[in-house]
Amino acid sequence: MTAAPAVAPPRASWRPRLAAVAAVAVANALLALVAPLLGADLVVAPPGQDPAAISAVAFAIFSAGFALLGWGVLALGERFLGRRGLVVWTVVAVLVALLMVVPPLSAGGTVATTVVLELSHLVVAAVVIPVFWKSSKTT
């Protein structure tokens, strides 16, 4: 008599992904709170607009919002394309992360503010991409 091969139960991908979304929101809110200690006033003045300060709450909301958007796109890719969806999502996520270097450069803030904005984009990419990849059911 041969035993049936052991099949691993499906992994719950939502827990690490939700943790990643929360982590980037908290990390970037904390970054915004310590930014003044680094000399960043977090005031931006894009061309043709009045100067405006970016709050820690805005950092958290935008970080979580874009992480959730990435999660939704990945979920669709995994559902309709399987493993290829994960690969396509990863390539697009890395390209978007690289392209996100541009907006802070044109935001019209101080050098310190620009560095903080760039760092906030890096935080999202550095947490979300690997966590979403590792938590995929298709790997």
# chains A, B, ... in the order shown; residues from 1 in each chain; ligands from 1
>>> residues_around(residues="region 130-133 of chain A", least_positions_apart="2", cutoff="10 Å", atoms="only C-alpha atoms", output="list in words")
Ser13, Trp14, Pro16, Arg17, Leu18, Ala19, Ala20, Val21, Ala67, Gly70, Trp71, Leu74, Ala75, Leu86, Val87, Trp89, Thr90, Ala125, Ala126, Val127, Val128, Ser135, Ser136, Lys137, Thr138 and Thr139 of chain A
>>> atom_distance(atom1="CA of Ile61 (chain A)", atom2="CA of Arg79 (chain A)")
26.6 Å
>>> closest_residue(among="A:Ile129, A:Val91, A:Met100, A:Leu117", to="Ala29 (chain A)", atoms="only C-alpha atoms")
A:Leu117
>>> closest_residue(among="A:Glu118, A:Glu78, A:Val124, A:Ser63", to="Ala93 (chain A)", atoms="only C-alpha atoms")
A:Val124
>>> residues_around(residues="Ala53 (chain A)", least_positions_apart="3", cutoff="10 Å", atoms="only C-alpha atoms", output="list in words")
Asp41, Leu42, Val43, Val44, Ala45, Ala56, Ala58 and Gly109 of chain A
>>> write_last_selection(atoms="N, CA and C atoms", output="JSON list (two decimals), in the first residue's frame")
[["chain", "number", "residue", "atom", "x", "y", "z"],
["A", 41, "ASP", "N", 11.16, 70.22, 5.19],
["A", 41, "ASP", "CA", 9.94, 70.89, 5.63],
["A", 41, "ASP", "C", 8.68, 70.25, 5.03],
["A", 42, "LEU", "N", 8.86, 69.34, 4.08],
["A", 42, "LEU", "CA", 7.77, 68.64, 3.39],
["A", 42, "LEU", "C", 6.78, 69.59, 2.74],
["A", 43, "VAL", "N", 7.29, 70.71, 2.27],
["A", 43, "VAL", "CA", 6.49, 71.65, 1.51],
["A", 43, "VAL", "C", 6.89, 71.52, 0.06],
["A", 44, "VAL", "N", 5.90, 71.30, -0.80],
["A", 44, "VAL", "CA", 6.16, 71.17, -2.23],
["A", 44, "VAL", "C", 5.38, 72.26, -2.97],
["A", 45, "ALA", "N", 5.93, 72.67, -4.09],
["A", 45, "ALA", "CA", 5.28, 73.69, -4.92],
["A", 45, "ALA", "C", 5.47, 73.30, -6.38],
["A", 56, "ALA", "N", 1.93, 63.76, 7.63],
["A", 56, "ALA", "CA", 2.23, 62.35, 7.90],
["A", 56, "ALA", "C", 1.04, 61.47, 7.53],
["A", 58, "ALA", "N", -1.06, 62.05, 5.11],
["A", 58, "ALA", "CA", -1.04, 61.91, 3.66],
["A", 58, "ALA", "C", -0.01, 60.87, 3.23],
["A", 109, "GLY", "N", 10.22, 71.08, -4.10],
["A", 109, "GLY", "CA", 10.56, 71.15, -2.68],
["A", 109, "GLY", "C", 12.05, 71.35, -2.49]]
>>> select_by_dssp(residues="chain A", states="helix (DSSP H, G or I)", output="PyMOL selection string")
chain A and resi 14-38+56-81+83-99+102-105+111-134
>>> write_last_selection(atoms="C-alpha atoms", output="compact mmCIF listing (two decimals), in the first residue's frame")
# COMPACT_ATOMS: atom_id res chain seq x y z
CA TRP A 14 -3.74 38.08 2.30
CA ARG A 15 -2.08 38.11 5.75
CA PRO A 16 1.48 39.02 4.68
CA ARG A 17 0.13 41.37 2.04
CA LEU A 18 -2.06 43.19 4.53
CA ALA A 19 0.90 43.37 6.90
CA ALA A 20 3.01 44.87 4.09
CA VAL A 21 0.34 47.50 3.37
CA ALA A 22 0.18 48.43 7.05
CA ALA A 23 3.98 48.42 7.33
CA VAL A 24 4.52 50.87 4.47
CA ALA A 25 1.80 53.16 5.81
CA VAL A 26 3.34 53.23 9.28
CA ALA A 27 6.93 53.45 8.02
CA ASN A 28 6.19 56.38 5.73
CA ALA A 29 4.11 58.17 8.37
CA LEU A 30 7.07 57.84 10.74
CA LEU A 31 9.39 59.05 7.97
CA ALA A 32 7.21 62.14 7.58
CA LEU A 33 7.25 62.73 11.32
CA VAL A 34 11.06 62.59 11.54
CA ALA A 35 11.57 64.52 8.28
CA PRO A 36 11.88 67.90 10.05
CA LEU A 37 14.75 66.47 12.09
CA LEU A 38 16.47 65.78 8.77
CA ALA A 56 2.23 62.35 7.90
CA VAL A 57 -1.37 61.24 7.38
CA ALA A 58 -1.04 61.91 3.66
CA PHE A 59 2.15 59.84 3.58
CA ALA A 60 0.32 56.95 5.25
CA ILE A 61 -2.78 57.18 3.08
CA PHE A 62 -0.90 57.40 -0.21
CA SER A 63 1.50 54.61 0.77
CA ALA A 64 -1.32 52.28 1.79
CA GLY A 65 -3.44 53.30 -1.20
CA PHE A 66 -0.77 52.52 -3.77
CA ALA A 67 0.15 49.28 -2.00
CA LEU A 68 -3.52 48.26 -2.09
CA LEU A 69 -3.69 49.18 -5.76
CA GLY A 70 -0.67 46.99 -6.43
CA TRP A 71 -2.27 44.17 -4.46
CA GLY A 72 -5.45 44.41 -6.51
CA VAL A 73 -3.57 44.38 -9.80
CA LEU A 74 -1.50 41.41 -8.64
CA ALA A 75 -4.63 39.52 -7.55
CA LEU A 76 -6.15 40.03 -10.99
CA GLY A 77 -2.93 38.95 -12.69
CA GLU A 78 -2.69 35.83 -10.54
CA ARG A 79 -6.31 34.96 -11.17
CA PHE A 80 -6.26 35.34 -14.94
CA LEU A 81 -2.62 34.64 -15.83
CA ARG A 83 2.38 32.46 -12.60
CA ARG A 84 2.78 34.70 -15.64
CA GLY A 85 0.61 37.27 -13.86
CA LEU A 86 3.07 37.35 -10.98
CA VAL A 87 6.01 37.78 -13.34
CA VAL A 88 4.27 40.52 -15.34
CA TRP A 89 3.22 42.29 -12.14
CA THR A 90 6.76 42.16 -10.77
CA VAL A 91 8.28 43.63 -13.93
CA VAL A 92 5.65 46.38 -14.02
CA ALA A 93 6.04 47.08 -10.28
CA VAL A 94 9.81 47.47 -10.63
CA LEU A 95 9.36 49.76 -13.66
CA VAL A 96 6.79 51.87 -11.80
CA ALA A 97 9.16 52.08 -8.81
CA LEU A 98 11.91 53.32 -11.11
CA LEU A 99 9.59 55.84 -12.77
CA VAL A 102 10.72 61.49 -11.41
CA PRO A 103 7.73 63.16 -9.62
CA PRO A 104 9.62 64.23 -6.47
CA LEU A 105 12.26 65.85 -8.67
CA VAL A 111 16.62 69.04 -1.46
CA ALA A 112 15.85 67.47 1.93
CA THR A 113 12.14 67.23 1.08
CA THR A 114 12.97 65.66 -2.27
CA VAL A 115 15.19 63.08 -0.56
CA VAL A 116 12.40 62.22 1.91
CA LEU A 117 9.88 61.86 -0.93
CA GLU A 118 12.27 59.61 -2.87
CA LEU A 119 12.90 57.55 0.26
CA SER A 120 9.17 57.12 0.80
CA HIS A 121 8.82 55.64 -2.70
CA LEU A 122 11.74 53.34 -2.02
CA VAL A 123 10.13 52.15 1.23
CA VAL A 124 6.94 51.13 -0.59
CA ALA A 125 8.81 49.29 -3.35
CA ALA A 126 11.29 47.63 -1.00
CA VAL A 127 8.53 46.21 1.20
CA VAL A 128 5.65 45.55 -1.19
CA ILE A 129 7.43 43.90 -4.11
CA PRO A 130 9.25 41.15 -2.18
CA VAL A 131 6.38 40.48 0.25
CA PHE A 132 3.80 40.24 -2.51
CA TRP A 133 6.13 38.01 -4.53
CA LYS A 134 6.83 35.63 -1.62
